[in-house]
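J.: Below you'll find final_0.txt; it's compact mmCIF, C-alpha atoms.
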```
# COMPACT_ATOMS: atom_id res chain seq x y z
CA MET G 17 -10.14 141.21 -149.29
CA LYS G 18 -10.73 140.58 -145.58
CA ASN G 19 -8.71 137.98 -143.73
CA LEU G 20 -10.03 134.52 -144.48
CA ARG G 21 -11.79 132.48 -141.83
CA ILE G 22 -10.89 128.87 -142.56
CA ALA G 23 -12.02 125.57 -141.03
CA ILE G 24 -9.88 122.47 -141.63
CA ILE G 25 -11.66 119.15 -141.13
CA THR G 26 -9.06 116.49 -140.42
CA TYR G 27 -9.09 113.26 -138.48
CA ASN G 28 -5.28 113.22 -138.51
CA TRP G 29 -3.98 115.70 -135.96
CA PRO G 30 -1.40 115.52 -133.16
CA PRO G 31 -0.83 113.36 -131.21
CA ARG G 32 -1.72 110.86 -133.99
CA ASN G 33 1.66 109.82 -135.41
CA ALA G 34 0.68 109.37 -139.06
CA ILE G 35 2.14 110.88 -142.21
CA GLY G 36 -1.30 112.33 -142.98
CA THR G 37 -1.12 114.56 -139.90
CA HIS G 38 1.59 116.80 -141.34
CA ARG G 39 -0.39 118.06 -144.35
CA PRO G 40 -3.22 119.82 -142.44
CA TYR G 41 -0.82 120.84 -139.66
CA ALA G 42 1.37 122.69 -142.19
CA TRP G 43 -1.67 124.38 -143.70
CA ALA G 44 -2.85 125.55 -140.30
CA ARG G 45 0.60 126.83 -139.40
CA TYR G 46 1.38 128.72 -142.59
CA TRP G 47 -2.14 129.96 -143.31
CA SER G 48 -2.31 131.38 -139.81
CA GLU G 49 1.05 133.09 -140.32
CA ALA G 50 -0.35 134.54 -143.57
CA GLY G 51 -3.15 136.21 -141.61
CA ALA G 52 -6.00 133.71 -141.83
CA SER G 53 -8.14 132.78 -138.86
CA VAL G 54 -7.89 128.98 -138.72
CA THR G 55 -10.05 126.49 -136.82
CA ILE G 56 -9.30 122.75 -136.74
CA LEU G 57 -12.18 120.30 -136.31
CA THR G 58 -10.80 116.89 -135.37
CA ALA G 59 -11.68 113.82 -133.31
CA ASN G 60 -10.67 112.51 -129.94
CA LYS G 61 -8.20 109.73 -130.74
CA GLN G 62 -8.81 106.07 -129.94
CA LEU G 63 -6.69 102.96 -129.43
CA TYR G 64 -7.05 102.03 -133.10
CA ASP G 65 -5.41 105.37 -133.95
CA GLU G 66 -2.14 104.48 -132.23
CA PRO G 67 0.68 105.43 -132.15
CA LEU G 68 -0.34 108.64 -130.39
CA ASP G 69 3.05 110.15 -129.62
CA LEU G 70 3.45 112.87 -132.26
CA ASP G 71 4.54 115.87 -130.22
CA LEU G 72 4.08 118.86 -132.51
CA PRO G 73 3.78 122.26 -130.79
CA PRO G 74 0.38 123.98 -130.62
CA ILE G 75 0.08 126.65 -133.32
CA GLU G 76 -0.43 130.13 -131.92
CA GLY G 77 -3.78 131.59 -132.92
CA VAL G 78 -5.16 128.29 -134.29
CA LYS G 79 -8.26 127.02 -132.51
CA VAL G 80 -8.54 123.23 -132.21
CA ILE G 81 -11.96 121.66 -131.57
CA GLU G 82 -11.65 117.99 -130.62
CA VAL G 83 -14.92 116.09 -130.74
CA ILE G 84 -15.40 113.34 -128.18
CA GLY G 85 -16.74 110.04 -129.52
CA SER G 86 -20.04 108.47 -128.50
CA THR G 87 -20.63 106.62 -125.23
CA ARG G 88 -20.82 103.38 -127.20
CA LEU G 89 -17.36 104.08 -128.61
CA LYS G 90 -16.00 104.64 -125.10
CA LEU G 91 -17.25 101.17 -124.14
CA ILE G 92 -15.60 99.66 -127.23
CA LYS G 93 -12.40 101.48 -126.29
CA LYS G 94 -12.29 99.71 -122.93
CA VAL G 95 -12.70 96.32 -124.61
CA LEU G 96 -9.97 97.13 -127.15
CA ASN G 97 -7.44 97.70 -124.37
CA PHE G 98 -6.40 94.08 -124.86
CA ASP G 99 -3.97 93.42 -127.75
CA ALA G 100 -5.53 90.08 -128.65
CA VAL G 101 -8.99 91.65 -128.84
CA ARG G 102 -7.69 94.46 -131.09
CA THR G 103 -6.06 91.97 -133.46
CA LEU G 104 -9.23 89.87 -133.64
CA ALA G 105 -11.41 92.97 -134.13
CA LYS G 106 -9.26 94.09 -137.06
CA LYS G 107 -9.54 90.67 -138.72
CA ILE G 108 -13.30 90.62 -138.23
CA LYS G 109 -13.61 94.16 -139.63
CA ASN G 110 -11.64 93.29 -142.78
CA TRP G 111 -13.55 90.03 -143.23
CA VAL G 112 -16.94 91.74 -142.96
CA ASN G 113 -15.96 94.67 -145.21
CA LYS G 114 -14.65 92.32 -147.89
CA ARG G 115 -17.52 89.85 -147.92
CA SER G 116 -20.72 91.65 -147.03
CA ILE G 117 -22.78 94.73 -147.77
CA ILE G 118 -22.08 95.95 -144.22
CA SER G 119 -19.15 98.33 -143.88
CA ILE G 120 -17.46 98.71 -140.49
CA ASP G 121 -15.84 102.10 -139.98
CA PRO G 122 -15.64 103.17 -136.31
CA ARG G 123 -14.48 106.64 -137.33
CA LEU G 124 -17.91 107.41 -138.81
CA SER G 125 -19.07 108.14 -135.25
CA TRP G 126 -16.94 111.28 -135.46
CA ARG G 127 -19.29 112.68 -138.09
CA TYR G 128 -22.40 112.19 -135.97
CA SER G 129 -20.77 113.62 -132.84
CA ALA G 130 -19.41 116.60 -134.81
CA ARG G 131 -22.66 117.56 -136.57
CA PRO G 132 -23.92 120.18 -134.07
CA ILE G 133 -20.49 121.85 -133.87
CA ALA G 134 -19.96 121.65 -137.64
CA GLY G 135 -23.34 123.27 -138.26
CA ARG G 136 -22.49 126.24 -136.06
CA LEU G 137 -18.94 126.50 -137.42
CA ALA G 138 -20.28 126.60 -140.98
CA LEU G 139 -21.89 129.96 -140.24
CA ASP G 140 -18.67 131.50 -138.86
CA VAL G 141 -16.13 130.69 -141.62
CA ASP G 142 -15.65 131.59 -145.27
CA LEU G 143 -13.92 128.41 -146.37
CA VAL G 144 -13.79 124.79 -145.24
CA VAL G 145 -11.13 122.31 -146.33
CA SER G 146 -11.84 118.66 -145.54
CA THR G 147 -9.00 116.21 -146.07
CA TYR G 148 -9.59 112.53 -146.83
CA GLY G 149 -9.39 110.00 -145.14
CA PRO G 150 -11.34 108.80 -143.38
CA ALA G 151 -14.57 109.37 -145.28
CA ALA G 152 -16.02 111.13 -142.24
CA SER G 153 -13.85 114.18 -143.05
CA HIS G 154 -15.63 114.79 -146.35
CA LEU G 155 -19.00 113.90 -144.85
CA ILE G 156 -18.53 116.63 -142.23
CA GLY G 157 -17.46 119.02 -145.00
CA TYR G 158 -20.70 118.13 -146.80
CA ASP G 159 -22.73 118.73 -143.63
CA MET G 160 -21.16 122.19 -143.31
CA LYS G 161 -21.92 123.01 -146.95
CA VAL G 162 -25.55 121.98 -146.46
CA ALA G 163 -25.75 124.12 -143.31
CA ASN G 164 -24.33 127.13 -145.20
CA PRO G 165 -24.58 126.90 -149.00
CA GLU G 166 -22.53 130.11 -149.32
CA LEU G 167 -19.54 128.39 -147.72
CA PHE G 168 -16.70 127.52 -150.13
CA TRP G 169 -15.89 123.81 -149.69
CA VAL G 170 -12.59 122.27 -150.80
CA ALA G 171 -12.45 118.46 -150.67
CA ASP G 172 -8.79 117.42 -150.40
CA TYR G 173 -7.59 113.90 -151.22
CA ARG G 174 -4.41 112.38 -149.79
CA ASP G 175 -5.80 109.04 -150.97
CA LEU G 176 -8.67 108.12 -153.23
CA TRP G 177 -12.00 107.27 -151.63
CA SER G 178 -14.18 104.88 -153.64
CA GLN G 179 -11.37 104.36 -156.17
CA ASN G 180 -8.73 103.35 -153.60
CA HIS G 181 -7.00 100.09 -154.59
CA LEU G 182 -5.86 99.38 -151.01
CA THR G 183 -9.33 99.49 -149.43
CA VAL G 184 -10.60 96.12 -148.19
CA MET G 185 -14.20 96.21 -149.42
CA SER G 186 -16.81 94.04 -151.13
CA ARG G 187 -18.14 94.97 -154.56
CA GLN G 188 -21.42 96.13 -153.01
CA ASN G 189 -19.55 98.27 -150.50
CA LYS G 190 -17.44 99.82 -153.26
CA GLU G 191 -20.63 100.74 -155.11
CA LEU G 192 -22.13 102.23 -151.96
CA SER G 193 -18.91 104.13 -151.30
CA ARG G 194 -18.95 105.52 -154.84
CA ASP G 195 -22.60 106.55 -154.50
CA THR G 196 -21.83 108.35 -151.24
CA GLU G 197 -18.87 110.15 -152.79
CA MET G 198 -20.97 111.21 -155.77
CA ASN G 199 -23.86 112.39 -153.59
CA THR G 200 -21.61 114.49 -151.36
CA VAL G 201 -18.34 115.64 -152.94
CA ALA G 202 -19.49 115.53 -156.56
CA THR G 203 -22.73 117.41 -155.87
CA ARG G 204 -21.64 119.97 -153.29
CA ALA G 205 -17.85 120.58 -153.24
CA ASP G 206 -16.71 123.81 -154.92
CA LEU G 207 -13.18 122.57 -155.58
CA LEU G 208 -11.10 119.42 -155.15
CA SER G 209 -7.39 119.07 -154.45
CA ALA G 210 -5.18 115.99 -154.71
CA VAL G 211 -1.62 114.95 -153.90
CA SER G 212 -0.86 113.68 -157.42
CA LYS G 213 -1.74 114.51 -161.01
CA ASP G 214 -3.00 111.02 -161.80
CA MET G 215 -5.23 111.13 -158.74
CA GLY G 216 -6.52 114.48 -159.96
CA VAL G 217 -7.42 113.01 -163.35
CA LYS G 218 -9.31 110.14 -161.70
CA LEU G 219 -11.21 112.54 -159.44
CA ARG G 220 -12.04 114.91 -162.28
CA ASP G 221 -13.33 112.04 -164.41
CA LEU G 222 -15.42 110.73 -161.50
CA THR G 223 -16.88 114.00 -160.22
CA GLY G 224 -16.60 116.46 -163.11
CA LYS G 225 -15.02 118.95 -160.69
CA GLU G 226 -11.90 121.10 -161.03
CA VAL G 227 -8.99 119.48 -159.18
CA LEU G 228 -5.91 121.34 -157.95
CA TYR G 229 -2.56 119.55 -157.75
CA VAL G 230 -1.34 120.06 -154.17
CA PRO G 231 1.40 117.47 -153.54
CA ASN G 232 2.72 116.26 -150.22
CA GLY G 233 6.05 117.62 -149.07
CA PHE G 234 8.52 118.05 -146.24
CA ASP G 235 8.62 120.64 -143.48
CA VAL G 236 12.33 121.31 -143.05
CA ASN G 237 13.97 124.67 -142.40
CA GLU G 238 15.37 125.87 -145.73
CA ASN G 239 18.79 126.73 -144.28
CA SER G 240 19.04 123.27 -142.74
CA LEU G 241 18.10 121.74 -146.06
CA LEU G 242 20.70 123.78 -147.95
CA ASP G 243 23.31 122.69 -145.45
CA ARG G 244 22.27 119.06 -145.79
CA PHE G 245 22.64 119.15 -149.56
CA SER G 246 25.88 121.15 -149.56
CA THR G 247 27.80 117.85 -149.90
CA LEU G 248 26.83 114.59 -151.55
CA PRO G 249 26.34 111.52 -149.34
CA VAL G 250 29.23 109.09 -149.06
CA LYS G 251 28.73 105.34 -149.14
CA PRO G 252 29.24 103.93 -145.61
CA SER G 253 32.51 102.15 -144.96
CA GLY G 254 30.81 99.59 -142.72
CA PRO G 255 27.58 97.61 -143.14
CA MET G 256 25.02 98.98 -145.58
CA ARG G 257 21.84 99.89 -143.70
CA ILE G 258 18.80 99.97 -145.96
CA VAL G 259 16.07 101.77 -144.01
CA TYR G 260 12.31 101.55 -144.43
CA THR G 261 9.90 103.59 -142.30
CA GLY G 262 6.14 103.11 -142.33
CA MET G 263 3.53 100.50 -143.16
CA ILE G 264 3.90 97.59 -145.57
CA TYR G 265 1.21 95.55 -147.33
CA GLU G 266 1.62 92.11 -148.83
CA GLY G 267 1.10 92.31 -152.59
CA HIS G 268 1.23 96.10 -152.56
CA ARG G 269 4.29 97.21 -150.58
CA ASP G 270 6.42 94.10 -150.48
CA PRO G 271 10.19 93.90 -149.82
CA THR G 272 10.46 90.28 -151.01
CA PRO G 273 12.17 91.08 -154.37
CA LEU G 274 15.00 92.86 -152.55
CA LEU G 275 15.31 90.07 -150.01
CA LYS G 276 15.52 87.49 -152.80
CA ALA G 277 18.31 89.49 -154.45
CA LEU G 278 20.25 89.59 -151.16
CA VAL G 279 19.78 85.84 -150.63
CA GLU G 280 21.14 85.13 -154.13
CA LEU G 281 24.13 87.40 -153.58
CA HIS G 282 24.85 85.61 -150.30
CA SER G 283 24.47 82.18 -151.92
CA ASP G 284 26.89 83.23 -154.66
CA GLY G 285 29.43 84.25 -152.02
CA LEU G 286 29.32 87.88 -153.15
CA ILE G 287 28.16 89.32 -149.81
CA SER G 288 28.66 88.09 -146.26
CA THR G 289 26.27 87.93 -143.32
CA GLY G 290 25.95 91.33 -141.68
CA GLU G 291 27.18 93.25 -144.71
CA VAL G 292 23.66 94.43 -145.57
CA THR G 293 20.55 94.86 -143.42
CA ILE G 294 17.04 96.09 -144.11
CA ASP G 295 15.85 97.96 -141.03
CA PHE G 296 12.06 98.21 -140.74
CA TYR G 297 10.73 101.02 -138.56
CA GLY G 298 7.03 101.14 -137.73
CA SER G 299 4.32 99.46 -135.70
CA ARG G 300 2.52 97.93 -138.70
CA ALA G 301 5.19 95.68 -140.15
CA ASP G 302 3.50 92.29 -139.79
CA LEU G 303 4.67 91.23 -143.25
CA ALA G 304 8.30 91.97 -142.35
CA ALA G 305 7.89 89.94 -139.15
CA ARG G 306 6.56 86.98 -141.13
CA LEU G 307 9.37 87.26 -143.67
CA ALA G 308 11.88 87.27 -140.80
CA GLU G 309 10.66 83.77 -139.90
CA ASN G 310 12.16 82.56 -143.20
CA MET G 311 15.69 81.33 -142.39
CA GLN G 312 17.02 82.68 -145.69
CA TYR G 313 15.65 86.18 -145.16
CA ALA G 314 16.20 86.43 -141.39
CA PRO G 315 19.90 87.51 -141.52
CA PHE G 316 18.98 90.58 -143.56
CA ILE G 317 15.95 91.78 -141.56
CA ARG G 318 16.01 93.95 -138.46
CA LEU G 319 12.66 94.86 -136.92
CA LYS G 320 13.02 98.19 -135.14
CA GLY G 321 9.34 98.60 -134.19
CA HIS G 322 7.68 101.92 -133.54
CA VAL G 323 9.93 104.85 -132.69
CA SER G 324 9.27 108.56 -132.23
CA ARG G 325 9.09 110.78 -135.28
CA GLU G 326 12.46 112.32 -134.37
CA GLU G 327 14.06 108.87 -134.22
CA ALA G 328 12.48 107.90 -137.55
CA LEU G 329 13.81 111.03 -139.25
CA LEU G 330 17.25 110.41 -137.72
CA ALA G 331 17.17 106.83 -139.02
CA GLN G 332 16.41 108.16 -142.50
CA ARG G 333 19.28 110.66 -142.39
CA SER G 334 21.75 108.05 -141.11
CA ALA G 335 20.73 105.33 -143.59
CA GLY G 336 22.94 104.08 -146.39
CA ILE G 337 19.93 103.70 -148.70
CA LEU G 338 16.27 104.52 -148.16
CA LEU G 339 13.80 101.86 -149.27
CA LEU G 340 10.44 102.90 -150.69
CA LEU G 341 7.88 100.19 -151.42
CA GLU G 342 4.84 100.67 -153.62
CA SER G 343 2.37 98.72 -155.72
CA THR G 344 2.74 98.04 -159.42
CA ALA G 345 -1.06 98.09 -159.86
CA PRO G 346 -2.35 100.64 -162.40
CA GLU G 347 -4.45 102.14 -159.59
CA ALA G 348 -1.20 103.07 -157.81
CA ARG G 349 0.08 105.17 -160.73
CA GLY G 350 -0.60 108.42 -158.89
CA VAL G 351 0.35 107.36 -155.35
CA LEU G 352 2.67 109.96 -153.80
CA THR G 353 2.90 109.24 -150.09
CA GLY G 354 4.22 111.94 -147.78
CA LYS G 355 7.01 109.57 -146.81
CA LEU G 356 8.55 109.99 -150.27
CA PHE G 357 9.19 113.67 -149.57
CA GLU G 358 10.57 113.01 -146.10
CA TYR G 359 12.98 110.62 -147.80
CA ILE G 360 13.95 113.23 -150.38
CA ALA G 361 14.67 115.79 -147.64
CA SER G 362 16.92 113.30 -145.80
CA GLY G 363 19.67 113.69 -148.41
CA LYS G 364 20.17 109.94 -149.03
CA PRO G 365 19.68 107.80 -152.18
CA ILE G 366 16.21 106.29 -152.54
CA LEU G 367 15.51 102.85 -153.97
CA CYS G 368 11.84 102.34 -154.87
CA ILE G 369 10.75 98.76 -155.43
CA GLY G 370 7.43 97.62 -156.86
CA SER G 371 6.24 100.79 -158.56
CA GLN G 372 6.77 101.43 -162.26
CA PRO G 373 9.39 103.89 -163.59
CA ASP G 374 6.69 105.83 -165.50
CA TYR G 375 4.42 106.21 -162.43
CA GLU G 376 4.42 109.51 -160.53
CA ILE G 377 6.90 108.31 -157.90
CA GLY G 378 9.42 107.72 -160.68
CA GLY G 379 8.70 111.15 -162.11
CA VAL G 380 9.37 112.90 -158.79
CA LEU G 381 12.57 110.91 -158.21
CA ARG G 382 13.87 111.79 -161.69
CA GLN G 383 12.81 115.42 -161.35
CA THR G 384 14.62 115.79 -158.01
CA GLY G 385 17.53 113.47 -158.94
CA THR G 386 17.17 111.60 -155.66
CA GLY G 387 16.51 107.97 -156.50
CA SER G 388 15.60 105.11 -158.80
CA VAL G 389 12.55 102.91 -159.38
CA VAL G 390 12.85 99.17 -159.95
CA GLY G 391 9.57 97.76 -161.25
CA PRO G 392 8.66 94.09 -161.74
CA SER G 393 10.16 93.96 -165.23
CA GLN G 394 13.47 95.21 -163.77
CA PHE G 395 13.55 92.76 -160.83
CA PRO G 396 16.10 90.51 -162.62
CA SER G 397 18.53 93.45 -162.62
CA LEU G 398 18.03 94.20 -158.91
CA LYS G 399 20.75 91.79 -157.87
CA ALA G 400 23.31 93.54 -160.10
CA LEU G 401 22.21 96.99 -158.90
CA VAL G 402 22.64 96.02 -155.24
CA LEU G 403 26.05 94.45 -155.91
CA ASP G 404 27.18 97.49 -157.89
CA THR G 405 26.15 99.72 -154.97
CA LEU G 406 28.03 97.56 -152.45
CA GLN G 407 31.20 97.01 -154.49
CA GLY G 408 31.18 100.27 -156.41
CA ASN G 409 29.00 103.35 -156.15
CA GLY G 410 25.83 102.16 -157.91
CA LEU G 411 22.93 104.16 -156.51
CA TYR G 412 25.36 106.80 -155.22
CA ASP G 413 26.52 107.56 -158.76
CA GLN G 414 22.87 107.90 -159.81
CA TYR G 415 22.14 110.28 -156.93
CA LYS G 416 22.27 113.82 -158.37
CA PRO G 417 19.95 116.01 -156.28
CA ASN G 418 18.43 119.05 -157.99
CA LEU G 419 17.95 121.51 -155.14
CA THR G 420 15.73 123.85 -157.16
CA GLU G 421 13.28 121.03 -157.81
CA ILE G 422 13.55 119.68 -154.26
CA LEU G 423 12.63 123.05 -152.75
CA LYS G 424 9.34 123.01 -154.68
CA TYR G 425 8.19 120.37 -152.21
CA SER G 426 8.65 122.53 -149.13
CA ARG G 427 5.39 122.40 -147.19
CA ARG G 428 5.71 126.12 -146.46
CA THR G 429 5.98 126.95 -150.18
CA GLN G 430 3.09 124.64 -151.04
CA ALA G 431 0.86 125.96 -148.24
CA ILE G 432 1.34 129.59 -149.29
CA GLU G 433 0.71 128.79 -152.98
CA PHE G 434 -2.45 126.86 -152.05
CA PHE G 435 -3.58 129.71 -149.79
CA GLU G 436 -3.13 132.32 -152.51
CA THR G 437 -5.02 130.15 -155.00
CA LEU G 438 -7.93 129.81 -152.57
CA ARG G 439 -7.97 133.58 -151.99
CA GLU G 440 -8.20 134.12 -155.74
CA LYS G 441 -11.03 131.58 -156.03
CA LEU G 442 -13.01 133.44 -153.38
CA LYS G 443 -12.30 136.81 -155.01
CA ASP G 444 -13.56 135.50 -158.35
CA ARG G 445 -16.67 134.26 -156.60
CA GLU G 446 -17.40 137.73 -155.20
CA VAL G 447 -17.16 139.43 -158.60
```
Could you quickly redo this structure as structure tokens?

T.:
Amino acid sequence: MKNLRIAIITYNWPPRNAIGTHRPYAWARYWSEAGASVTILTANKQLYDEPLDLDLPPIEGVKVIEVIGSTRLKLIKKVLNFDAVRTLAKKIKNWVNKRSIISIDPRLSWRYSARPIAGRLALDVDLVVSTYGPAASHLIGYDMKVANPELFWVADYRDLWSQNHLTVMSRQNKELSRDTEMNTVATRADLLSAVSKDMGVKLRDLTGKEVLYVPNGFDVNENSLLDRFSTLPVKPSGPMRIVYTGMIYEGHRDPTPLLKALVELHSDGLISTGEVTIDFYGSRADLAARLAENMQYAPFIRLKGHVSREEALLAQRSAGILLLLESTAPEARGVLTGKLFEYIASGKPILCIGSQPDYEIGGVLRQTGTGSVVGPSQFPSLKALVLDTLQGNGLYDQYKPNLTEILKYSRRTQAIEFFETLREKLKDREV
């Protein structure tokens, strides 16, 4: 079979410092190394896409087409230069999306600007992979499929679209979103892929399409990883730094149960001030900032703000414990954020709070032997678990990494397996 010509439609691309950037970047890198001709179609980044400091090297042989937004968007960009205006705009957007039939999504302009380029690109490639979100990615994939019905279209899901439990949207908007997904992905995509098995089941039930399980992962040199796991981590002799990197959402990713356990331990005289801290890294940690205003919680919270990716990874590797927060909602059963796999590759014990032990996060942590899940029904035992970790070995005794299972989540391994599967799909189509 000839070398594949592949287009990847992704909003997330360097310099956008988001976990979703690494998935398509790894595909482009390893598919190109495997002999494919890869073209990236992405968007010129805006202020609402910050932070924009992800410095990943250009990939040799990979063509990147960056579509400039509309003139109207450029005017909006100037207005959004002011922090107060950006904050107000975000509140207005969420209010409108939640309460009206109007849906505000500034990234939709990318689709309209990209249409002429996407139409031409559709005639020059064999395969297009669009990765959600935003929705514009799949809409551009749909436009390319319409322009060239012979094109093989894979709709990839890092998150659910109309079924996403975190989306701020009115009932009417959810229905419109579902209709759009059904009229594009369900009618035209040749194949779907998803980061979790539960997500795959939901997508299959919604669209009737075949869904491949293509999880997130980590992109770490295998020799470095082997060296990192050659010895087990040792509990720090000084203060216990519990590290969290990324976004948090009240009611969905909430550190309050852990903070309450620490307050009780302090009130009981079992821990002293400064013995434990929760260090929050990331620019979207408004909930942590509000919690820090509580005099009981304040001694345990350190707001580190946004740091470079290298600093975030270093913070993970130097942590005592890594904190993962997730929702207990049934809709979050299949959530497997890319951050989970970065945590696993760090070589430190992971404490997940808020999910359920039988959700997919719990399954991955058990499979890899790298952490524990404490769901709402186990919150009463959280205090004892923390104390056991501080006074004994607790989470460190439970940390038994299975390197064979961990290596399955190498982005290189996953990218090559995905690539070979797609080659086989196209071969079958030619027969």

J.: Which of these residues is nearest to G:Gly391, using only C-alpha atoms: G:Leu442, G:Leu274, G:Ala152, G:Leu281?

T.: G:Leu274

J.: Nearest to G:Lys79: which of G:Glu342, G:Tyr359, G:Ile22, G:Ser125 is it, counting only C-alpha atoms?

T.: G:Ile22

J.: Which one of G:Tyr64, G:Leu192, G:Gly410, G:Arg45 sits closest to G:Arg300 if you count all atoms listed in the file?

T.: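 Using all atoms listed in the file, G:Arg300 sits closest to G:Tyr64.
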
J.: What does the distance from atom CA of G:Gly336 to atom CA of G:Arg257 come to in Å, to one decimal?

T.: 5.1 Å

J.: Can you tell me which residues surround G:Asp235 at a distance of at most 7 Å, considering all atoms listed in the file, apart from same-chain residues fewer than 6 positions away, and format the answer as an mmCIF file with C-alpha atoms, keeping the file's coordinate frame?

T.:
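Contents of selection27.cif, as written:
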```cif
data_model
loop_
_atom_site.group_PDB
_atom_site.id
_atom_site.type_symbol
_atom_site.label_atom_id
_atom_site.label_comp_id
_atom_site.auth_asym_id
_atom_site.auth_seq_id
_atom_site.Cartn_x
_atom_site.Cartn_y
_atom_site.Cartn_z
ATOM 1 C CA SER G 426 8.650 122.530 -149.130
ATOM 2 C CA ARG G 427 5.390 122.400 -147.190
ATOM 3 C CA ARG G 428 5.710 126.120 -146.460
#
```

J.: How far is it from atom CA of G:Tyr265 to atom CA of G:Phe357, in Å with one decimal?

T.: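 It comes out at 19.9 Å.
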
J.: (6.4, 92.0, -145.5) in this file's frame - what residues fall within 6 Å of it? Use only C-alpha atoms and give the answer as a ChimeraX atom specification.

T.: /G:266,270,303-304,307

J.: When distances are computed from all atoms listed in the file, which of G:Ser288, G:Asn239, G:Ser246, G:Asn418 shows the smallest separation from G:Gln383?

T.: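 Among the listed residues, the smallest separation from G:Gln383 belongs to G:Asn418.
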
J.: Within 12 Å of G:Pro165, counting only C-alpha atoms, which residues qualify if same-chain residues fewer than 2 places away don't, as a list in words?

T.: Gly135, Ala138, Leu139, Val141, Asp142, Leu143, Val144, Gly157, Tyr158, Asp159, Met160, Lys161, Val162, Ala163, Leu167, Phe168, Trp169, Thr203, Arg204, Ala205 and Asp206 of chain G

J.: Just C-alpha atoms for this one: save the residues we selected as a PDB file, keeping the file's coordinate frame.

T.:
```pdb
ATOM      1  CA  GLY G 135     -23.340 123.270-138.260  1.00  0.00           C
ATOM      2  CA  ALA G 138     -20.280 126.600-140.980  1.00  0.00           C
ATOM      3  CA  LEU G 139     -21.890 129.960-140.240  1.00  0.00           C
ATOM      4  CA  VAL G 141     -16.130 130.690-141.620  1.00  0.00           C
ATOM      5  CA  ASP G 142     -15.650 131.590-145.270  1.00  0.00           C
ATOM      6  CA  LEU G 143     -13.920 128.410-146.370  1.00  0.00           C
ATOM      7  CA  VAL G 144     -13.790 124.790-145.240  1.00  0.00           C
ATOM      8  CA  GLY G 157     -17.460 119.020-145.000  1.00  0.00           C
ATOM      9  CA  TYR G 158     -20.700 118.130-146.800  1.00  0.00           C
ATOM     10  CA  ASP G 159     -22.730 118.730-143.630  1.00  0.00           C
ATOM     11  CA  MET G 160     -21.160 122.190-143.310  1.00  0.00           C
ATOM     12  CA  LYS G 161     -21.920 123.010-146.950  1.00  0.00           C
ATOM     13  CA  VAL G 162     -25.550 121.980-146.460  1.00  0.00           C
ATOM     14  CA  ALA G 163     -25.750 124.120-143.310  1.00  0.00           C
ATOM     15  CA  LEU G 167     -19.540 128.390-147.720  1.00  0.00           C
ATOM     16  CA  PHE G 168     -16.700 127.520-150.130  1.00  0.00           C
ATOM     17  CA  TRP G 169     -15.890 123.810-149.690  1.00  0.00           C
ATOM     18  CA  THR G 203     -22.730 117.410-155.870  1.00  0.00           C
ATOM     19  CA  ARG G 204     -21.640 119.970-153.290  1.00  0.00           C
ATOM     20  CA  ALA G 205     -17.850 120.580-153.240  1.00  0.00           C
ATOM     21  CA  ASP G 206     -16.710 123.810-154.920  1.00  0.00           C
TER      22      ASP G 206
END
```

J.: Choose the residue, out of G:Val323, G:Met263, G:Ile287, G:Glu376, that has the smallest atom-to-atom separation from G:Leu403; count all atoms listed in the file.

T.: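 Looking only at the distances to G:Leu403, the closest residue turns out to be G:Ile287.
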
J.: At what distance in Å, to one decimal, does atom CA of G:Gly363 lie from atom CA of G:Pro417?

T.: 8.2 Å

J.: Which one of G:Leu72, G:Leu438, G:Leu406, G:Ile25 sits closest to G:Pro150 if you count all atoms listed in the file?

T.: G:Ile25

J.: Hey, what's within 9 Å of G:Gly354 if we count all atoms listed in the file and toss same-chain stuff fewer than 3 positions away? As a list in words, please?

T.: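 Everything that qualifies: Ile35, Gly36, His38, Arg39, Arg174, Val211, Pro231, Asn232, Gly233, Phe234, Phe357, Glu358 and Tyr359 of chain G.
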
J.: Determine, counting all atoms listed in the file, which protein, DNA and RNA residues have an atom within 10 Å of an atom of G:Leu278; residues of the same chain fewer than 5 positions away are not included. Present the result as a list in words.

T.: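 The residues satisfying every condition are Thr272, Pro273, Ser283, Asp284, Leu286, Ile287, Ser288, Val292, Thr293, Gln312, Tyr313, Pro315, Phe316, Leu398, Lys399, Val402 and Leu403 of chain G.
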
J.: I'd like the contact shell of stretch 212-224 of chain G - 6 Å cut-off, all atoms listed in the file, skipping same-chain residues fewer than 3 positions apart - returned as a ChimeraX atom specification.

T.: /G:202,227,231,350
